[in-house]
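Visitor: See target-v1.txt below, with compact mmCIF, N, CA and C atoms.
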# COMPACT_ATOMS: atom_id res chain seq x y z
N MET H 4 6.67 -5.56 -16.26
CA MET H 4 5.20 -5.65 -16.35
C MET H 4 4.57 -4.78 -15.27
N SER H 5 3.54 -4.04 -15.65
CA SER H 5 2.90 -3.15 -14.68
C SER H 5 2.08 -3.94 -13.67
N ILE H 6 2.10 -3.48 -12.43
CA ILE H 6 1.27 -4.12 -11.41
C ILE H 6 -0.19 -3.65 -11.54
N PHE H 7 -0.42 -2.60 -12.34
CA PHE H 7 -1.78 -2.05 -12.48
C PHE H 7 -2.35 -2.40 -13.85
N ASN H 8 -3.65 -2.70 -13.89
CA ASN H 8 -4.35 -2.79 -15.17
C ASN H 8 -5.72 -2.15 -15.03
N GLU H 9 -6.54 -2.23 -16.06
CA GLU H 9 -7.83 -1.52 -16.04
C GLU H 9 -8.81 -2.09 -15.01
N ASN H 10 -8.52 -3.30 -14.51
CA ASN H 10 -9.38 -3.89 -13.48
C ASN H 10 -8.91 -3.58 -12.05
N SER H 11 -7.73 -2.99 -11.93
CA SER H 11 -7.15 -2.76 -10.60
C SER H 11 -7.94 -1.74 -9.80
N LYS H 12 -8.19 -2.08 -8.53
CA LYS H 12 -8.81 -1.15 -7.58
C LYS H 12 -7.75 -0.87 -6.52
N VAL H 13 -7.44 0.41 -6.32
CA VAL H 13 -6.29 0.74 -5.48
C VAL H 13 -6.73 1.40 -4.17
N ILE H 14 -6.21 0.86 -3.08
CA ILE H 14 -6.39 1.45 -1.75
C ILE H 14 -5.06 2.07 -1.36
N ILE H 15 -5.09 3.34 -0.98
CA ILE H 15 -3.85 4.05 -0.63
C ILE H 15 -3.87 4.38 0.86
N ILE H 16 -2.87 3.88 1.56
CA ILE H 16 -2.71 4.22 2.98
C ILE H 16 -1.39 4.98 3.09
N GLY H 17 -1.48 6.29 3.01
CA GLY H 17 -0.29 7.11 3.07
C GLY H 17 0.17 7.32 4.50
N ASP H 18 1.35 7.92 4.62
CA ASP H 18 1.93 8.19 5.94
C ASP H 18 2.48 9.61 5.89
N ARG H 19 2.05 10.44 6.82
CA ARG H 19 2.48 11.84 6.80
C ARG H 19 3.99 11.96 6.86
N ASP H 20 4.65 11.05 7.56
CA ASP H 20 6.12 11.11 7.69
C ASP H 20 6.83 10.30 6.62
N GLY H 21 6.09 9.56 5.83
CA GLY H 21 6.69 8.76 4.75
C GLY H 21 6.20 9.28 3.42
N ILE H 22 5.45 8.45 2.70
CA ILE H 22 4.86 8.89 1.44
C ILE H 22 3.38 9.21 1.70
N PRO H 23 2.99 10.49 1.58
CA PRO H 23 1.59 10.84 1.82
C PRO H 23 0.66 10.33 0.71
N GLY H 24 -0.61 10.16 1.06
CA GLY H 24 -1.59 9.65 0.11
C GLY H 24 -1.63 10.39 -1.22
N PRO H 25 -1.71 11.74 -1.21
CA PRO H 25 -1.83 12.46 -2.48
C PRO H 25 -0.66 12.22 -3.44
N ALA H 26 0.54 11.99 -2.91
CA ALA H 26 1.70 11.73 -3.78
C ALA H 26 1.52 10.42 -4.53
N MET H 27 1.01 9.40 -3.81
CA MET H 27 0.75 8.12 -4.48
C MET H 27 -0.41 8.23 -5.45
N GLU H 28 -1.42 9.04 -5.09
CA GLU H 28 -2.57 9.24 -5.99
C GLU H 28 -2.10 9.77 -7.34
N GLU H 29 -1.23 10.77 -7.31
CA GLU H 29 -0.76 11.37 -8.57
C GLU H 29 -0.07 10.32 -9.44
N CYS H 30 0.69 9.44 -8.80
CA CYS H 30 1.39 8.38 -9.55
C CYS H 30 0.39 7.39 -10.15
N VAL H 31 -0.60 6.97 -9.33
CA VAL H 31 -1.55 5.95 -9.79
C VAL H 31 -2.42 6.52 -10.92
N LYS H 32 -2.64 7.84 -10.91
CA LYS H 32 -3.44 8.46 -11.97
C LYS H 32 -2.78 8.31 -13.34
N THR H 33 -1.49 7.98 -13.39
CA THR H 33 -0.81 7.79 -14.68
C THR H 33 -0.97 6.35 -15.17
N THR H 34 -1.77 5.54 -14.47
CA THR H 34 -2.00 4.14 -14.84
C THR H 34 -3.49 3.96 -15.12
N PRO H 35 -3.90 2.79 -15.66
CA PRO H 35 -5.33 2.57 -15.91
C PRO H 35 -6.12 2.23 -14.65
N ALA H 36 -5.45 2.09 -13.51
CA ALA H 36 -6.11 1.63 -12.28
C ALA H 36 -7.06 2.69 -11.71
N GLU H 37 -8.03 2.21 -10.93
CA GLU H 37 -8.99 3.11 -10.27
C GLU H 37 -8.66 3.20 -8.78
N ILE H 38 -8.59 4.43 -8.26
CA ILE H 38 -8.36 4.62 -6.82
C ILE H 38 -9.71 4.56 -6.12
N VAL H 39 -9.88 3.61 -5.20
CA VAL H 39 -11.17 3.47 -4.52
C VAL H 39 -11.13 4.02 -3.09
N PHE H 40 -9.94 4.24 -2.55
CA PHE H 40 -9.83 4.81 -1.21
C PHE H 40 -8.43 5.37 -1.02
N SER H 41 -8.35 6.53 -0.38
CA SER H 41 -7.04 7.11 -0.10
C SER H 41 -7.09 7.83 1.24
N ALA H 42 -6.14 7.54 2.09
CA ALA H 42 -6.05 8.18 3.40
C ALA H 42 -4.59 8.39 3.74
N THR H 43 -4.33 9.35 4.61
CA THR H 43 -2.96 9.55 5.09
C THR H 43 -2.96 9.43 6.60
N GLU H 44 -2.19 8.46 7.10
CA GLU H 44 -2.14 8.26 8.54
C GLU H 44 -1.06 9.14 9.15
N CYS H 45 -1.22 9.38 10.42
CA CYS H 45 -0.32 10.27 11.13
C CYS H 45 0.01 9.61 12.46
N PHE H 46 1.25 9.16 12.63
CA PHE H 46 1.62 8.44 13.85
C PHE H 46 2.23 9.39 14.87
N VAL H 47 1.40 10.00 15.67
CA VAL H 47 1.93 10.86 16.74
C VAL H 47 1.24 10.51 18.06
N MET D 10 -1.82 -0.18 11.37
CA MET D 10 -2.81 0.59 10.60
C MET D 10 -3.97 0.96 11.52
N ASP D 11 -4.44 2.22 11.44
CA ASP D 11 -5.46 2.61 12.41
C ASP D 11 -6.79 1.88 12.13
N LEU D 12 -7.60 1.83 13.17
CA LEU D 12 -8.77 0.96 13.14
C LEU D 12 -9.79 1.39 12.09
N GLU D 13 -9.92 2.68 11.90
CA GLU D 13 -10.88 3.20 10.90
C GLU D 13 -10.45 2.76 9.49
N ASN D 14 -9.15 2.85 9.22
CA ASN D 14 -8.67 2.43 7.89
C ASN D 14 -8.81 0.92 7.70
N GLN D 15 -8.59 0.15 8.75
CA GLN D 15 -8.81 -1.30 8.64
C GLN D 15 -10.27 -1.59 8.25
N LYS D 16 -11.17 -0.86 8.89
CA LYS D 16 -12.60 -1.05 8.61
C LYS D 16 -12.91 -0.73 7.14
N ARG D 17 -12.32 0.37 6.66
CA ARG D 17 -12.56 0.77 5.27
C ARG D 17 -11.99 -0.26 4.30
N VAL D 18 -10.77 -0.75 4.59
CA VAL D 18 -10.14 -1.75 3.72
C VAL D 18 -11.03 -3.00 3.64
N LYS D 19 -11.55 -3.41 4.78
CA LYS D 19 -12.40 -4.61 4.83
C LYS D 19 -13.68 -4.39 4.00
N GLU D 20 -14.33 -3.24 4.19
CA GLU D 20 -15.58 -2.94 3.48
C GLU D 20 -15.36 -2.85 1.97
N ILE D 21 -14.27 -2.17 1.59
CA ILE D 21 -14.01 -1.96 0.16
C ILE D 21 -13.66 -3.29 -0.51
N THR D 22 -12.92 -4.14 0.21
CA THR D 22 -12.57 -5.45 -0.35
C THR D 22 -13.83 -6.30 -0.52
N GLU D 23 -14.75 -6.22 0.43
CA GLU D 23 -16.01 -6.97 0.30
C GLU D 23 -16.82 -6.46 -0.89
N LYS D 24 -16.75 -5.15 -1.13
CA LYS D 24 -17.52 -4.54 -2.21
C LYS D 24 -16.96 -4.90 -3.59
N TYR D 25 -15.64 -4.80 -3.75
CA TYR D 25 -15.04 -4.96 -5.07
C TYR D 25 -14.42 -6.34 -5.31
N GLY D 26 -14.22 -7.11 -4.26
CA GLY D 26 -13.55 -8.40 -4.39
C GLY D 26 -12.05 -8.24 -4.23
N ALA D 27 -11.43 -9.24 -3.61
CA ALA D 27 -10.01 -9.13 -3.24
C ALA D 27 -9.07 -9.28 -4.44
N GLU D 28 -9.55 -9.95 -5.47
CA GLU D 28 -8.67 -10.33 -6.57
C GLU D 28 -7.99 -9.15 -7.26
N ASN D 29 -8.75 -8.07 -7.48
CA ASN D 29 -8.20 -6.93 -8.22
C ASN D 29 -7.70 -5.81 -7.32
N MET D 30 -7.73 -6.04 -6.02
CA MET D 30 -7.36 -4.99 -5.07
C MET D 30 -5.83 -4.87 -4.95
N ILE D 31 -5.35 -3.65 -4.92
CA ILE D 31 -3.93 -3.40 -4.66
C ILE D 31 -3.85 -2.36 -3.55
N VAL D 32 -3.13 -2.66 -2.49
CA VAL D 32 -2.99 -1.72 -1.39
C VAL D 32 -1.59 -1.11 -1.45
N LEU D 33 -1.54 0.22 -1.40
CA LEU D 33 -0.25 0.93 -1.37
C LEU D 33 -0.02 1.47 0.03
N ILE D 34 1.12 1.15 0.59
CA ILE D 34 1.47 1.52 1.96
C ILE D 34 2.60 2.54 1.90
N GLY D 35 2.38 3.71 2.50
CA GLY D 35 3.41 4.76 2.41
C GLY D 35 4.27 4.91 3.65
N GLY D 36 4.29 3.91 4.51
CA GLY D 36 4.97 3.98 5.81
C GLY D 36 6.40 4.48 5.72
N ALA D 37 6.81 5.27 6.72
CA ALA D 37 8.14 5.89 6.70
C ALA D 37 9.24 4.92 7.11
N GLU D 38 8.86 3.90 7.89
CA GLU D 38 9.86 2.95 8.38
C GLU D 38 9.48 1.54 8.00
N ALA D 39 10.52 0.70 7.91
CA ALA D 39 10.28 -0.69 7.51
C ALA D 39 9.31 -1.38 8.45
N GLU D 40 9.46 -1.09 9.74
CA GLU D 40 8.61 -1.80 10.71
C GLU D 40 7.14 -1.43 10.54
N SER D 41 6.85 -0.12 10.44
CA SER D 41 5.45 0.29 10.31
C SER D 41 4.87 -0.14 8.96
N ALA D 42 5.69 -0.06 7.91
CA ALA D 42 5.23 -0.49 6.59
C ALA D 42 4.94 -2.00 6.59
N GLY D 43 5.82 -2.74 7.26
CA GLY D 43 5.65 -4.19 7.35
C GLY D 43 4.40 -4.56 8.12
N LEU D 44 4.14 -3.85 9.21
CA LEU D 44 2.94 -4.13 10.01
C LEU D 44 1.68 -3.85 9.20
N ALA D 45 1.69 -2.74 8.46
CA ALA D 45 0.52 -2.41 7.63
C ALA D 45 0.34 -3.45 6.52
N ALA D 46 1.46 -3.88 5.94
CA ALA D 46 1.39 -4.89 4.88
C ALA D 46 0.86 -6.22 5.45
N GLU D 47 1.31 -6.54 6.65
CA GLU D 47 0.83 -7.77 7.29
C GLU D 47 -0.68 -7.69 7.57
N THR D 48 -1.12 -6.49 7.97
CA THR D 48 -2.53 -6.30 8.31
C THR D 48 -3.45 -6.59 7.13
N VAL D 49 -3.06 -6.19 5.92
CA VAL D 49 -3.94 -6.38 4.76
C VAL D 49 -3.70 -7.71 4.04
N THR D 50 -2.75 -8.49 4.55
CA THR D 50 -2.52 -9.80 3.94
C THR D 50 -2.90 -10.92 4.92
N ALA D 51 -2.17 -10.99 6.05
CA ALA D 51 -2.39 -12.07 7.02
C ALA D 51 -3.45 -11.73 8.06
N GLY D 52 -3.73 -10.42 8.24
CA GLY D 52 -4.65 -9.98 9.30
C GLY D 52 -3.90 -9.12 10.30
N ASP D 53 -4.64 -8.36 11.11
CA ASP D 53 -4.04 -7.43 12.06
C ASP D 53 -3.21 -8.17 13.11
N PRO D 54 -1.88 -7.98 13.10
CA PRO D 54 -1.03 -8.71 14.04
C PRO D 54 -1.21 -8.27 15.49
N THR D 55 -1.81 -7.09 15.69
CA THR D 55 -2.04 -6.62 17.07
C THR D 55 -3.39 -7.11 17.61
N PHE D 56 -4.18 -7.74 16.75
CA PHE D 56 -5.50 -8.26 17.13
C PHE D 56 -6.39 -7.19 17.75
N ALA D 57 -6.22 -5.93 17.30
CA ALA D 57 -7.01 -4.84 17.87
C ALA D 57 -8.13 -4.40 16.94
N GLY D 58 -7.95 -4.57 15.66
CA GLY D 58 -8.88 -3.95 14.71
C GLY D 58 -9.77 -4.94 13.97
N PRO D 59 -10.60 -4.40 13.06
CA PRO D 59 -11.54 -5.22 12.29
C PRO D 59 -10.87 -6.30 11.43
N LEU D 60 -9.57 -6.16 11.15
CA LEU D 60 -8.89 -7.18 10.33
C LEU D 60 -8.18 -8.24 11.18
N ALA D 61 -8.37 -8.20 12.49
CA ALA D 61 -7.80 -9.26 13.35
C ALA D 61 -8.39 -10.60 12.94
N GLY D 62 -7.53 -11.55 12.62
CA GLY D 62 -8.01 -12.87 12.23
C GLY D 62 -8.68 -12.90 10.87
N VAL D 63 -8.50 -11.85 10.06
CA VAL D 63 -9.10 -11.79 8.72
C VAL D 63 -7.98 -11.74 7.68
N PRO D 64 -7.55 -12.86 7.17
CA PRO D 64 -6.45 -12.86 6.19
C PRO D 64 -6.93 -12.53 4.79
N LEU D 65 -6.97 -11.22 4.47
CA LEU D 65 -7.49 -10.80 3.17
C LEU D 65 -6.59 -11.25 2.02
N GLY D 66 -5.31 -11.35 2.27
CA GLY D 66 -4.38 -11.82 1.23
C GLY D 66 -4.22 -10.86 0.06
N LEU D 67 -4.42 -9.56 0.29
CA LEU D 67 -4.38 -8.59 -0.81
C LEU D 67 -2.95 -8.36 -1.32
N LYS D 68 -2.88 -7.93 -2.58
CA LYS D 68 -1.59 -7.50 -3.12
C LYS D 68 -1.22 -6.19 -2.43
N VAL D 69 0.03 -6.08 -1.98
CA VAL D 69 0.44 -4.88 -1.26
C VAL D 69 1.84 -4.45 -1.70
N TYR D 70 1.97 -3.15 -1.91
CA TYR D 70 3.26 -2.60 -2.34
C TYR D 70 3.54 -1.30 -1.60
N HIS D 71 4.81 -1.00 -1.45
CA HIS D 71 5.24 0.32 -0.99
C HIS D 71 5.73 1.07 -2.24
N PRO D 72 5.45 2.37 -2.34
CA PRO D 72 5.84 3.08 -3.56
C PRO D 72 7.34 3.13 -3.85
N VAL D 73 8.19 2.82 -2.88
CA VAL D 73 9.63 2.79 -3.20
C VAL D 73 10.05 1.45 -3.81
N GLU D 74 9.12 0.50 -3.91
CA GLU D 74 9.47 -0.80 -4.52
C GLU D 74 9.57 -0.65 -6.04
N PRO D 75 10.52 -1.39 -6.64
CA PRO D 75 10.70 -1.26 -8.10
C PRO D 75 9.44 -1.62 -8.90
N GLU D 76 8.63 -2.55 -8.40
CA GLU D 76 7.41 -2.94 -9.12
C GLU D 76 6.47 -1.75 -9.30
N PHE D 77 6.37 -0.92 -8.23
CA PHE D 77 5.51 0.27 -8.32
C PHE D 77 6.15 1.32 -9.22
N LYS D 78 7.42 1.56 -8.95
CA LYS D 78 8.14 2.61 -9.69
C LYS D 78 8.08 2.39 -11.20
N GLU D 79 8.22 1.12 -11.61
CA GLU D 79 8.21 0.80 -13.04
C GLU D 79 6.81 0.85 -13.64
N SER D 80 5.78 0.92 -12.79
CA SER D 80 4.40 0.86 -13.28
C SER D 80 3.78 2.23 -13.48
N VAL D 81 4.45 3.28 -13.02
CA VAL D 81 3.87 4.62 -13.11
C VAL D 81 4.79 5.53 -13.94
N ASP D 82 4.26 6.69 -14.33
CA ASP D 82 5.02 7.64 -15.14
C ASP D 82 6.28 8.09 -14.39
N ALA D 83 7.42 8.01 -15.05
CA ALA D 83 8.70 8.29 -14.40
C ALA D 83 8.83 9.74 -13.92
N ASP D 84 8.32 10.69 -14.71
CA ASP D 84 8.43 12.10 -14.31
C ASP D 84 7.56 12.41 -13.10
N VAL D 85 6.34 11.86 -13.11
CA VAL D 85 5.43 12.08 -11.98
C VAL D 85 6.01 11.42 -10.73
N TYR D 86 6.58 10.24 -10.89
CA TYR D 86 7.21 9.56 -9.75
C TYR D 86 8.31 10.43 -9.16
N GLU D 87 9.14 10.95 -10.01
CA GLU D 87 10.26 11.78 -9.55
C GLU D 87 9.75 13.01 -8.79
N ASP D 88 8.70 13.63 -9.32
CA ASP D 88 8.13 14.82 -8.67
C ASP D 88 7.52 14.49 -7.32
N GLN D 89 6.78 13.39 -7.25
CA GLN D 89 5.96 13.09 -6.07
C GLN D 89 6.69 12.26 -5.01
N ILE D 90 7.53 11.33 -5.45
CA ILE D 90 8.13 10.36 -4.53
C ILE D 90 9.65 10.53 -4.42
N GLY D 91 10.26 11.10 -5.48
CA GLY D 91 11.71 11.14 -5.60
C GLY D 91 12.44 11.62 -4.35
N MET D 92 11.95 12.70 -3.78
CA MET D 92 12.61 13.28 -2.60
C MET D 92 12.58 12.30 -1.43
N MET D 93 11.42 11.72 -1.16
CA MET D 93 11.31 10.80 -0.02
C MET D 93 12.08 9.51 -0.27
N GLU D 94 12.18 9.14 -1.53
CA GLU D 94 12.93 7.93 -1.87
C GLU D 94 14.39 8.06 -1.42
N MET D 95 14.90 9.29 -1.46
CA MET D 95 16.30 9.52 -1.06
C MET D 95 16.45 9.48 0.46
N VAL D 96 15.38 9.80 1.17
CA VAL D 96 15.44 9.92 2.63
C VAL D 96 15.15 8.59 3.33
N LEU D 97 14.22 7.82 2.78
CA LEU D 97 13.78 6.59 3.44
C LEU D 97 14.82 5.47 3.27
N ASP D 98 14.75 4.50 4.18
CA ASP D 98 15.62 3.33 4.07
C ASP D 98 14.96 2.33 3.12
N VAL D 99 15.19 2.58 1.83
CA VAL D 99 14.48 1.84 0.79
C VAL D 99 14.72 0.33 0.89
N ASP D 100 15.96 -0.08 1.08
CA ASP D 100 16.27 -1.52 1.09
C ASP D 100 15.52 -2.25 2.19
N GLU D 101 15.49 -1.63 3.37
CA GLU D 101 14.78 -2.27 4.49
C GLU D 101 13.29 -2.33 4.26
N ILE D 102 12.73 -1.23 3.75
CA ILE D 102 11.28 -1.18 3.50
C ILE D 102 10.90 -2.22 2.44
N VAL D 103 11.67 -2.26 1.36
CA VAL D 103 11.38 -3.22 0.28
C VAL D 103 11.44 -4.65 0.82
N ALA D 104 12.46 -4.95 1.59
CA ALA D 104 12.61 -6.31 2.11
C ALA D 104 11.42 -6.70 2.99
N GLU D 105 10.99 -5.76 3.83
CA GLU D 105 9.90 -6.04 4.77
C GLU D 105 8.57 -6.26 4.05
N VAL D 106 8.24 -5.34 3.16
CA VAL D 106 6.94 -5.41 2.47
C VAL D 106 6.92 -6.61 1.51
N LYS D 107 8.03 -6.84 0.83
CA LYS D 107 8.10 -7.98 -0.10
C LYS D 107 7.94 -9.30 0.65
N ALA D 108 8.54 -9.37 1.83
CA ALA D 108 8.44 -10.60 2.63
C ALA D 108 6.99 -10.91 2.97
N MET D 109 6.25 -9.86 3.35
CA MET D 109 4.82 -10.05 3.66
C MET D 109 4.05 -10.48 2.42
N ARG D 110 4.34 -9.83 1.32
CA ARG D 110 3.64 -10.14 0.06
C ARG D 110 3.93 -11.58 -0.37
N ASP D 111 5.19 -11.95 -0.32
CA ASP D 111 5.56 -13.30 -0.76
C ASP D 111 4.93 -14.37 0.11
N GLU D 112 4.81 -14.06 1.40
CA GLU D 112 4.29 -15.09 2.30
C GLU D 112 2.77 -15.16 2.34
N PHE D 113 2.11 -13.99 2.28
CA PHE D 113 0.68 -13.98 2.60
C PHE D 113 -0.27 -13.56 1.48
N THR D 114 0.24 -12.95 0.40
CA THR D 114 -0.68 -12.52 -0.67
C THR D 114 -1.21 -13.74 -1.42
N LYS D 115 -2.52 -13.75 -1.63
CA LYS D 115 -3.14 -14.90 -2.29
C LYS D 115 -3.38 -14.68 -3.77
N TYR D 116 -3.17 -13.46 -4.27
CA TYR D 116 -3.58 -13.16 -5.64
C TYR D 116 -2.42 -12.76 -6.54
Turn this file's structure into structure tokens for me.

Guide:
Amino acid sequence: MSIFNENSKVIIIGDRDGIPGPAMEECVKTTPAEIVFSATECFV
Amino acid sequence: MDLENQKRVKEITEKYGAENMIVLIGGAEAESAGLAAETVTAGDPTFAGPLAGVPLGLKVYHPVEPEFKESVDADVYEDQIGMMEMVLDVDEIVAEVKAMRDEFTKY
């Protein structure tokens, strides 16, 4: 069962050294969910 | 999670409601991913940011978790996440984020 549906609002907190925000955005765009915020953190 | 992002998560959750919110955490290590997951569920464990003492209880996933992987297009996943999935300690990250979700997510 998908964790996303047409009512889902998605907040993306990416990590420059892990999974960056844009990579997750591309994946979520293949679902009915809406991305409401996306950022990529950088721990240095 | 940095303070500015905590503020945004809080504002956006107030705007849209917590029930339909899903937070995706891309942390490179189990510890940092777990801390971020704890921040959006139980509240900021460092008590430094706007989510200190604010248990939002949001649904939270890391993209290497099977629940996320099975929910998105397989080819796009492979292109965008596949490489990092091989590099990261998937088992540790999954265990950490799932533990936070199981304990603190309200929805």

Visitor: Show me, as an NGL selection string, every residue of chain H with an atom at most 7 Å from chain D, counting only C-alpha atoms.

Guide: :H and (5-7 or 10-18 or 20-23 or 26 or 30-31 or 33-34)

Visitor: Can you tell me, as a PDB file with N, CA and C atoms, keeping the file's coordinate frame, which residues in chain H count as strand (DSSP E or B) by DSSP?

Guide:
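See selection33.pdb below for the written result:
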ATOM      1  N   LYS H  12      -8.190  -2.080  -8.530  1.00  0.00           N
ATOM      2  CA  LYS H  12      -8.810  -1.150  -7.580  1.00  0.00           C
ATOM      3  C   LYS H  12      -7.750  -0.870  -6.520  1.00  0.00           C
ATOM      4  N   VAL H  13      -7.440   0.410  -6.320  1.00  0.00           N
ATOM      5  CA  VAL H  13      -6.290   0.740  -5.480  1.00  0.00           C
ATOM      6  C   VAL H  13      -6.730   1.400  -4.170  1.00  0.00           C
ATOM      7  N   ILE H  14      -6.210   0.860  -3.080  1.00  0.00           N
ATOM      8  CA  ILE H  14      -6.390   1.450  -1.750  1.00  0.00           C
ATOM      9  C   ILE H  14      -5.060   2.070  -1.360  1.00  0.00           C
ATOM     10  N   ILE H  15      -5.090   3.340  -0.980  1.00  0.00           N
ATOM     11  CA  ILE H  15      -3.850   4.050  -0.630  1.00  0.00           C
ATOM     12  C   ILE H  15      -3.870   4.380   0.860  1.00  0.00           C
ATOM     13  N   ILE H  16      -2.870   3.880   1.560  1.00  0.00           N
ATOM     14  CA  ILE H  16      -2.710   4.220   2.980  1.00  0.00           C
ATOM     15  C   ILE H  16      -1.390   4.980   3.090  1.00  0.00           C
ATOM     16  N   GLY H  17      -1.480   6.290   3.010  1.00  0.00           N
ATOM     17  CA  GLY H  17      -0.290   7.110   3.070  1.00  0.00           C
ATOM     18  C   GLY H  17       0.170   7.320   4.500  1.00  0.00           C
ATOM     19  N   ASP H  18       1.350   7.920   4.620  1.00  0.00           N
ATOM     20  CA  ASP H  18       1.930   8.190   5.940  1.00  0.00           C
ATOM     21  C   ASP H  18       2.480   9.610   5.890  1.00  0.00           C
ATOM     22  N   GLU H  37      -8.030   2.210 -10.930  1.00  0.00           N
ATOM     23  CA  GLU H  37      -8.990   3.110 -10.270  1.00  0.00           C
ATOM     24  C   GLU H  37      -8.660   3.200  -8.780  1.00  0.00           C
ATOM     25  N   ILE H  38      -8.590   4.430  -8.260  1.00  0.00           N
ATOM     26  CA  ILE H  38      -8.360   4.620  -6.820  1.00  0.00           C
ATOM     27  C   ILE H  38      -9.710   4.560  -6.120  1.00  0.00           C
ATOM     28  N   VAL H  39      -9.880   3.610  -5.200  1.00  0.00           N
ATOM     29  CA  VAL H  39     -11.170   3.470  -4.520  1.00  0.00           C
ATOM     30  C   VAL H  39     -11.130   4.020  -3.090  1.00  0.00           C
ATOM     31  N   PHE H  40      -9.940   4.240  -2.550  1.00  0.00           N
ATOM     32  CA  PHE H  40      -9.830   4.810  -1.210  1.00  0.00           C
ATOM     33  C   PHE H  40      -8.430   5.370  -1.020  1.00  0.00           C
ATOM     34  N   SER H  41      -8.350   6.530  -0.380  1.00  0.00           N
ATOM     35  CA  SER H  41      -7.040   7.110  -0.100  1.00  0.00           C
ATOM     36  C   SER H  41      -7.090   7.830   1.240  1.00  0.00           C
ATOM     37  N   ALA H  42      -6.140   7.540   2.090  1.00  0.00           N
ATOM     38  CA  ALA H  42      -6.050   8.180   3.400  1.00  0.00           C
ATOM     39  C   ALA H  42      -4.590   8.390   3.740  1.00  0.00           C
ATOM     40  N   THR H  43      -4.330   9.350   4.610  1.00  0.00           N
ATOM     41  CA  THR H  43      -2.960   9.550   5.090  1.00  0.00           C
ATOM     42  C   THR H  43      -2.960   9.430   6.600  1.00  0.00           C
ATOM     43  N   GLU H  44      -2.190   8.460   7.100  1.00  0.00           N
ATOM     44  CA  GLU H  44      -2.140   8.260   8.540  1.00  0.00           C
ATOM     45  C   GLU H  44      -1.060   9.140   9.150  1.00  0.00           C
TER      46      GLU H  44
END

Visitor: Need the shell around Gly66 (chain D): protein/DNA/RNA residues with any atom at most 9 Å away, counting only C-alpha atoms. Skip same-chain ones fewer than 5 positions apart. Format as a PyMOL selection string?

Guide: chain D and resi 27+47+49-52+110+113-116

Visitor: Using DSSP on the backbone coordinates, identify all residues within region 10-66 of chain D classified as helix (DSSP H, G or I); present the result as a VMD selection string.

Guide: chain D and resid 12 to 25 39 to 50

Visitor: How far is it from CA of Glu74 (chain D) to CA of Glu9 (chain H), in Å with one decimal?

Guide: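 Separating CA of Glu74 (chain D) from CA of Glu9 (chain H) is a distance of 20.8 Å.
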
Visitor: What are the centre and edge lengths in Å, to one decimal, of the axis-aligned box around all listed atoms of region 16-29 of chain D with 8 Å added on each side, as lines of an AutoDock Vina configuration file?

Guide:
center_x = -12.6
center_y = -4.8
center_z = 0.3
size_x = 25.8
size_y = 27.1
size_z = 33.1

Visitor: Quick one, how far is CA of Leu44 (chain D) from CA of Phe40 (chain H)?

Guide: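 That distance, rounded to one decimal, is 19.2 Å.
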
Visitor: Taking only C-alpha atoms into account, which of D:Val99, D:Glu23, D:Pro75, D:Lys16 comes nearest Thr48 (chain D)?

Guide: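 Closest to Thr48 (chain D), using only C-alpha atoms: D:Lys16.
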